[in-house]
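Q: Sharing a structure here in structure tokens format.
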Amino acid sequence: MFDALAILSSQIPEAYEHASEFGDLHLGDLHLLESEDEQNKDGNVNQWVALAVLQTYNHRRKVPCSSISIPELEQCLSKTSFSAAQKLDISNSVKVIH
């Protein structure tokens with residue numbers, strides 16, 4: 001997944017790593033990042049990526065400890081929708097990366 005996000009912007013994996021280093025990846029957190037890479041600019045359209053924390057993680061084993069939390073997913077989607085309505089040009093489409 002992070003390889004696909006890195007194609008959008010090299011800043012995305014870096015931001016995720018920084019959030020991890022500072023202990024800012026809690027279940028239900030949503031990190032909204034604006035892509036600032038020149039290659040991703042399409043006229044005046046800004047690209048945004050929402051990183052949602054939906055699983056707990058075992059740092060020793062380097063694997064997820066749980067399945068995706070549906071309540072946390074719903075909460076993060078709500079946060080994304082609210083942020084889009086408040087800050088973003090909502091006339092642009094929302095892209096989902098699997």
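By convention in this document, the chains of the structure tokens carry letters A, B, ... by their order, each chain's residues are numbered from 1, and ligands are numbered from 1 in the order they are shown.
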I want to know what sits within 7 Å of range 13-30 of chain A, based on only C-alpha atoms, with residues of the same chain fewer than 4 positions away left out; could you give that as a ChimeraX atom specification?
A: /A:2,6,50-56,72,75-76
Q: Keeping only N, CA and C atoms, write the selected residues to a file as a PDB file, in the first residue's frame.
A:
```pdb
ATOM      1  N   PHE A   2       1.942   1.252   0.787  1.00  0.00           N
ATOM      2  CA  PHE A   2       2.753   2.461   0.866  1.00  0.00           C
ATOM      3  C   PHE A   2       3.529   2.721  -0.412  1.00  0.00           C
ATOM      4  N   ALA A   6       3.456   6.254  -2.237  1.00  0.00           N
ATOM      5  CA  ALA A   6       4.704   6.939  -2.560  1.00  0.00           C
ATOM      6  C   ALA A   6       4.710   7.432  -4.003  1.00  0.00           C
ATOM      7  N   ALA A  50      -5.703  10.862   2.819  1.00  0.00           N
ATOM      8  CA  ALA A  50      -6.100  10.648   4.205  1.00  0.00           C
ATOM      9  C   ALA A  50      -5.560   9.298   4.659  1.00  0.00           C
ATOM     10  N   LEU A  51      -4.715   9.319   5.687  1.00  0.00           N
ATOM     11  CA  LEU A  51      -4.199   8.087   6.272  1.00  0.00           C
ATOM     12  C   LEU A  51      -4.994   7.817   7.542  1.00  0.00           C
ATOM     13  N   ALA A  52      -5.748   6.736   7.534  1.00  0.00           N
ATOM     14  CA  ALA A  52      -6.589   6.373   8.674  1.00  0.00           C
ATOM     15  C   ALA A  52      -5.953   5.206   9.425  1.00  0.00           C
ATOM     16  N   VAL A  53      -5.858   5.317  10.739  1.00  0.00           N
ATOM     17  CA  VAL A  53      -5.316   4.239  11.566  1.00  0.00           C
ATOM     18  C   VAL A  53      -6.484   3.358  11.989  1.00  0.00           C
ATOM     19  N   LEU A  54      -6.549   2.152  11.401  1.00  0.00           N
ATOM     20  CA  LEU A  54      -7.711   1.280  11.594  1.00  0.00           C
ATOM     21  C   LEU A  54      -7.362  -0.064  12.210  1.00  0.00           C
ATOM     22  N   GLN A  55      -6.083  -0.292  12.495  1.00  0.00           N
ATOM     23  CA  GLN A  55      -5.642  -1.543  13.111  1.00  0.00           C
ATOM     24  C   GLN A  55      -4.608  -1.232  14.182  1.00  0.00           C
ATOM     25  N   THR A  56      -4.577  -2.076  15.212  1.00  0.00           N
ATOM     26  CA  THR A  56      -3.474  -1.983  16.158  1.00  0.00           C
ATOM     27  C   THR A  56      -2.294  -2.738  15.552  1.00  0.00           C
ATOM     28  N   GLU A  72     -14.042   2.413  13.804  1.00  0.00           N
ATOM     29  CA  GLU A  72     -12.989   3.399  13.569  1.00  0.00           C
ATOM     30  C   GLU A  72     -12.977   3.839  12.106  1.00  0.00           C
ATOM     31  N   GLN A  75     -15.696   6.328  11.729  1.00  0.00           N
ATOM     32  CA  GLN A  75     -15.294   7.581  12.353  1.00  0.00           C
ATOM     33  C   GLN A  75     -14.316   8.341  11.445  1.00  0.00           C
ATOM     34  N   CYS A  76     -13.351   7.634  10.872  1.00  0.00           N
ATOM     35  CA  CYS A  76     -12.366   8.273   9.995  1.00  0.00           C
ATOM     36  C   CYS A  76     -13.005   8.786   8.709  1.00  0.00           C
TER      37      CYS A  76
END
```
Q: So what do you get for CA of Trp48 in chain A versus CA of Glu34 in chain A, distance-wise?
A: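 Distance reported for this atom pair: 4.4 Å.
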